[in-house]
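Undergrad: Take a look at this one; I'll ask things after.
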Amino acid sequence: MSCNNFDIPSSRRQFLHRAGCGFGAVALAALMGEKAIAAPDEEKAIPPLPKFPDHVARAKNVIFLFMEGGPSHLDTFDRKPLLNELAGQPLPASFKPPLTAMGEKNTALLACKRTWKQYGQSGLWVSDWFSKVGEHADDLAILHSCASDGINHAGGVCSMNTGSVFGGRPSLGAWVSYGLGTENKNLPGFVVIKDSEGTVVNGVRNWGSGFMPAVYQGVEFNADGVPIKYLENPKGVTNDRQREKLDLLGEFNKQYGATRQDNTELEARIRGYELAYRMQAEAPAVVDLSKESEATKQLYGMDHEETAVFGRNCLLARRLVENGVRFVQLYSGAGSKWDSHKSIEPLHSKLCRSVDHPIAGLLTDLKARGLLDETLVIWGGEFGRTPMSEQGDGRDHNPTGFTMWMAGGGVKGGQVYGATDDLGLYAVEDRLHVHDIHATILNMLGVDHTKLIYSHKGRPERIDQNEGHAFKKIVS
Amino acid sequence: MLGVGCSAFLLSSACAAEDDAQREANKFFETDVRPLLSKRCFECHSEKKQKGGLRVDSIGALKTGGDTGPALVPGDLEKSPMIEGIRYQNKDFQMPPKEKLPDAEIATLEKWIKLGAPWPQTDADKTKITEGGFTEEQRKFWCFQPLAKVTPPEIAGAWVRGDIDRFIAKKHAETKLDPAPEADRHELVRRAYFDLHGLPPTPAQIDAFVNDKSPNAYEKLVDELLASPRYGERWAQHWLDLVRYAESDGYNADEYRSAVWPYRDWLIKSLNDDKPYDQFVREQLAGDEIAPNDPNVIIATEYLRHPVYEWNQRDVRGQWEIILNDMTDTSGELFLGLSFGCARCHNHKFDPILQKDYFRLKAFFAPVHWRDDLKLATPEQKAKHDEQQAQWEAATADIRAQMDALTKPLVDKKVEKAVEKFTDELQSIIRKPSDQRDALEVQLAGLCQRQMTREEKTFDVMKSLKSEEAKAKYKELEVELKKFDNIKPAPLLDAFVATDAGPKGPPTVMKTRKGEQEIAPGFLTLIAPGDPEIKPIGNSTGRRTALANWITRPDNQLTTRVIVNRVWQYHFGRGIVATSSDLGKLGEKPVFPELLDWMATRFVAEGWSLKKLHREIMLSATYRQTARRQPPEVAAKTDPTNRLLWRFNPHRLDAEEVRDAMLMASGELDFKAGGPSEDGNSTRRSIYTMKKRNNQNELLRSLDAPAGFSSTAERQSTTTPTQALLLMNGDWPMQRARKLAGRVEKIDDAWIYALGRPPTAQERETAQSFIQKRTGGTNANSAAKSDTTESTGDFKENTPQERLLVQTPEKEGDEFTIESIFTLNSIDTAAAVRTVASRWTGGKDSIEAYGWSLGVTGEKSRFKPRNLIIQLVGEDDNTNITYEVVPSNVRIELGHRYHASATVSCIDHSVIFRVQDLTQPDAQLQTVTVPCSVRAKLSGGASALVFGGLNKRAQPHQWDGRIEAMRIATGKLPETELASADPAKWKSALVNWTASVGPSTQFAWSGSDTKATEATDPYRQAMNDLCQVLLNTNEFFYLH
């Protein structure tokens, strides 16, 4: 194996072998919908990339519902009666005082104002903020013991996406694309949709490919209008004219390539332009919801103003997954809107209302279409919130213990896993660090994360920086 | 060879071999101890697994120990951690972890260690471990060997031009390969220009070289290119990649680091001056200790400032730890070519780098203090400045004291609030007098301080002062103070540099499961096991000078190989060692090891001159080979990847080369050198394009320019459909194609400008028929004439008068006034805004989108319908792109005639709307002032100025009604000048337009059946397309 741009493959197999190197040829492989395959190198202790999935798994796709800003686990899925008993008092001395982002100290515990109900045969507790999602309790695997290193939004969002508080590493979606390839080469394998024009903390690098080739990075879709930047022909350029340009380009490139056939990158660039042209045709059709029935739109809450935006995005997510997009990430509250340092009641009320019905609709629809079994739906934010109050009626960031849930994709639903302490401050049982969460997600997709290795600067890099463990109890 | 560490034991065991007691001991070991170790410990601590980095299957391994140091000391139970572990004395350290051993077994191991831990010597042990616990194999690994004294092979032959070629030819002979023919002059000149300048040669430069008949034409070319200042601008980019240079903080706010660019200029200048590499390295690591008063040297220490950090951090202590680790990791890779980062948590699994070595290296950086108080100035400049400053201060002392009296209590309160947000521990450090802080406290307090400085900087006097009286007073004082501006010195340039926190460094602590250990600075144990001599220099520890001196020792086998290999890599596309930042076991092996050592030796002997090294490489026959060779049969079989250089490596241009080459082709490239960076809309070279970590230039990012988070030794070269979309449909590349088309007189020109050669006959024919097909046979370059129908002020969709495109000699800037007389007939049924005037593409997140738009909201707008608003896209305080709506909340009545103006000021952070309904005679003038947060760049986008719509035709955004007159003025017009509703009385400004004026070169209607020039001129349109195609060809993107 050689990490070089200019290998001349003598066979398709050899060609694909090079793909793990992360150079030009990999782009072509990825464009062709191929998965990453690296050749073994015993000397360097880098094992060959196995063929993924490497174990039987049901999930083929992921829809990650990212509540950006940090939703309160204490008011949604992690019920803590003690919190209301001790409300108004300071954190008991038996708890280690946490480092809080906003630096308010010794504040009183803030009661949870929600009413809680047990749902389904499993009897999982869900608060009234997620009563519609609650109806799907028997499909939910609720992880109460999530933990992250990022105490502020920048570190937290980066951590949840890449496993590191700093930029520079590939995002989860990029790792998934790298490991499993795409199923529709006319669409990107990793798509991101936001619910507003707000900028997700740290911007586009949240779905970047870090040290991997750009082909694995997420592509942002606009929910209406033109889905991808520059997807439309330039002003005044008709499709015919665009086609003529591409034909002319193809002709010049063909002449140039005729005497340089060994250079596979040249062919990759030619294909890149053709794929772009096909994407111009296909992507708008995927986001065109006019063929969806009114009943479907209602199912997602598109007929109500407050649920219309996220409902539409959830419906788009289903359509993308149906069309072979591997990893879809939907942001709710883009720009840290879930952040509720004060007035958590009105802030969270509004946001929960905007997502509860659409998410429930998504789960129903996926199930009805037989897609839920192969689609892993993940809900969560970059962290949870503190049991202590902030500014009287808000909660600060809590990366030391918070809730995420998964549904579909072969998870064992109707169960809670892990636990925080009695006040929901620290994860105390089956603690799942983001590295573990990433490993768990890959495991659900049939990927042993310890084998999904990308060789970077001579080092075998993994998504979890060699620290994570897949939490296998959730596999049904 | 056995090292010193183990020999004591081995000697004793050898000498005692005949000794009965020893034989007894050995027997005891074999019968009792070895089975016990095997049964109880091997599962986790032998060949397959080494938990905690420890093996217990040889005495050497036990004595060397694992991550936490030796596991046993022969004869000394108390000093043997293994005993502590098996006795279960320490709750945190119990071995085996599952269950305590039976007492009898503990006793056996105790007895064994008391006996001196006898372990019969076996052949395997002899070769395995040497001093420091390194295996013989590790010790002999190629990159740790001293540079070999190599003589170039004696190989004759016509092909060989220089010594480099002898090495290559020898290898070729051994592998039955042969070199490719020399590249022709066209290939060579293009390669040399891109390689040394990152730019294509101009047609004249190509001609000059191709037609140069002198035998040394190529040598002359290389020398000329090396002497040009363009050389530094190209090669600096490689170093910027390596030092993860970026111009922003890299966290969420991603604040612009406005003082970083002088480092980039230092770098360019150092390369152009051919500063010896050893000095180049020393200045970056320890410029502050070497020449503390020389601004041209201390700026190099910005190398220590590149890690990510942001003013709003709360976990300052944790961040500082991460920053130090980052400096350590990067320096290990960058200078020494070793993946030190792998040894942070345990001994390196593959290379002989001890965990201790990681901390030894880190200790050199531990005293670093990020300074924000220094200036880039000579002592003379400083003295002069300070003297002037003192004069100004004396003259203004009273005024400033009065201002302070108004603001200081308020500022102090804000600052105190910021302090209180830190943990108690950090607060106590912040509140300590600075002379009582120890080194670490100085460092941490410095980082915390930014939060407080930020509070001071963002203090808004007008918002904070409560009484009108105080506000007026403050404004008055401001005016007074301004009067002294003429004696105020120009501010000195901020120095984004580092020094030490003091002469005594903070402790560097290695934490392991067993506890904490303080580690002193030191080099790689394998090469330099002792403690280096370090003497404080002035107020500095002198540590980094010691490190720099060791790194740049002429006999440092790592440094010298690393840099020579990097230079080779940038010339050939791949290093002699393909992984140029990792020469270790996980990296690749060198393909021409002798050549590497020969070049490294020669490089040092030639005074560490990079230019001499470039010359040596570029004049070789090896470099001059053509890339246009299909692999011959032998090569295809044995070396398909061209590791052995049987031709030149073809490669894609990198991001900066592509952008610069497009600007060259379009004739727009601005060669202005140095100074602050500019955004990607500028036509300057890409090295001067702003490098914001979270907001990279989209073209450069799409072509794999790194974001500056970690050191990049080798660029990716990726191809994606989204890249193709950007290149074919994006505004910026499109604009370059138009500009190129504008230069083209005949078809051949397009090829010459874009690709540096005339088209072939076939290509010319293809292009001609392409254009012919488009123009329907007419090949006339007809200028479009606008309709000459009489102009009125009616703007209506699907008529020739939809929008009015306006040319302005200059742009209105960040402070301007728009004035208009208009009537609106309808609003959009959705949320679109009917536009009065704009300079905006309609985008919100790219630098092309910078702009503004004045208009009236639609039915579903979240600002409610019929609201007169202005939308702004510009830079905010953190120099991030920001979009905002500034609503007047004045409702426009449909069918009414209005006189309205908006005065936008990024300096005051406000927009003043003045709206008068002229239809209702008694209507009041409504004046509204609304704050805005955009700080700059409103005129910086790609859009033209347009009346009645946006840059692109988009009907819902277009005006429906009448616009009778428009005026755009730079600056804030006073109210008196905005009073008249009669445009004839409006003073002349940047743009004055009334409907009665017909179309001109300045004003052009755009609508459904009249089109802009490009659209009406099929020839122009076809030529634009042809040029765009050429700028997208593989030939444009590749050197092959």
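Ordering of the structure tokens sets the chain letters (A, B, ...), residue numbers begin anew at 1 in every chain, and ligands are numbered from 1 in the order given.
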Can you list every residue of chain B that has an atom at most 6 Å from chain A, with its nearest atom pair and the distance in Å to one decimal, using only C-alpha atoms, ordered by chain then number, as a tab-separated table?
TA:
residue	atom	partner	partner_atom	distance
B:Tyr251	CA	A:Ala154	CA	6.0
B:Asn252	CA	A:Asn202	CA	4.7
B:Lys421	CA	A:Gly103	CA	4.2
B:Phe422	CA	A:Gly103	CA	5.9
B:Leu586	CA	A:Lys44	CA	5.1
B:Gly587	CA	A:Gly458	CA	4.7
B:Pro640	CA	A:Ile8	CA	5.3
B:Thr641	CA	A:Asp7	CA	4.2
B:Asn694	CA	A:Asn202	CA	5.9
B:Phe709	CA	A:Gly168	CA	5.3
B:Gln716	CA	A:Phe23	CA	5.7
B:Ser717	CA	A:Gly24	CA	5.1
B:Thr718	CA	A:Gly24	CA	5.1
B:Thr719	CA	A:Ala27	CA	5.6
B:Thr720	CA	A:Val215	CA	5.6
B:Pro721	CA	A:Ala276	CA	4.5
B:Ala724	CA	A:Tyr273	CA	5.3
B:Leu725	CA	A:Tyr230	CA	5.6
B:Leu726	CA	A:Tyr230	CA	5.8
B:Asn729	CA	A:Pro234	CA	5.2
B:Gly730	CA	A:Tyr230	CA	5.8
B:Val1029	CA	A:Leu249	CA	5.5
B:Asn1034	CA	A:Asn253	CA	6.0
Undergrad: Go through A:Leu124, A:Ile193, A:Ala59, A:Cys112 one by one, measure the shortest atom-to-atom distance of each to Glu85 (chain A) using only C-alpha atoms, and give the residue with the smallest value.
TA: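 With only C-alpha atoms as the atom set, the closest residue is A:Cys112.
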Undergrad: So what do you get for CA of Ala427 (chain A) versus CA of Phe95 (chain A), distance-wise?
TA: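 Here the two named atoms are 12.1 Å from each other.
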Undergrad: Tell me which of B:Asp265, B:Glu333, B:Asp1017, B:Asp357 sits closest to Asn296 (chain B), counting only C-alpha atoms.
TA: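 Ranking B:Asp265, B:Glu333, B:Asp1017, B:Asp357 by distance to Asn296 (chain B), first place goes to B:Asp265.
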Undergrad: As number ranges by chain, please: all residues of region 46-192 of chain B that backbone DSSP puts in alpha helix (DSSP H).
TA: B: 59-64, 81-86, 103-114, 123-128, 136-139, 163-175, 185-192
Undergrad: Which residues come within 12 Å of Phe167 (chain B), counting only C-alpha atoms, excluding same-chain residues fewer than 4 positions away, as a VMD selection string?
TA: chain B and resid 150 to 156 160 to 163 171 to 174 591 to 599 620 to 622 644 to 645
Undergrad: Between CA of Leu180 (chain A) and CA of Thr722 (chain B), what is the distance in Å, rounded to a tenth?
TA: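 Result for CA of Leu180 (chain A) versus CA of Thr722 (chain B): 19.9 Å, one decimal.
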Undergrad: Excluding Val325 (chain A) and any residue of its chain fewer than 4 positions from it, enumerate the residues within 12 Å of it, using only C-alpha atoms, and give them as a PyMOL selection string.
TA: chain A and resi 33+60-63+173+176-177+180-192+218-219+283+286+316-321+329+375
Undergrad: Within 7 Å of His385 (chain B), counting only C-alpha atoms, which residues qualify if same-chain residues fewer than 4 places away don't, as an NGL selection string?
TA: :B and (381 or 389 or 489)
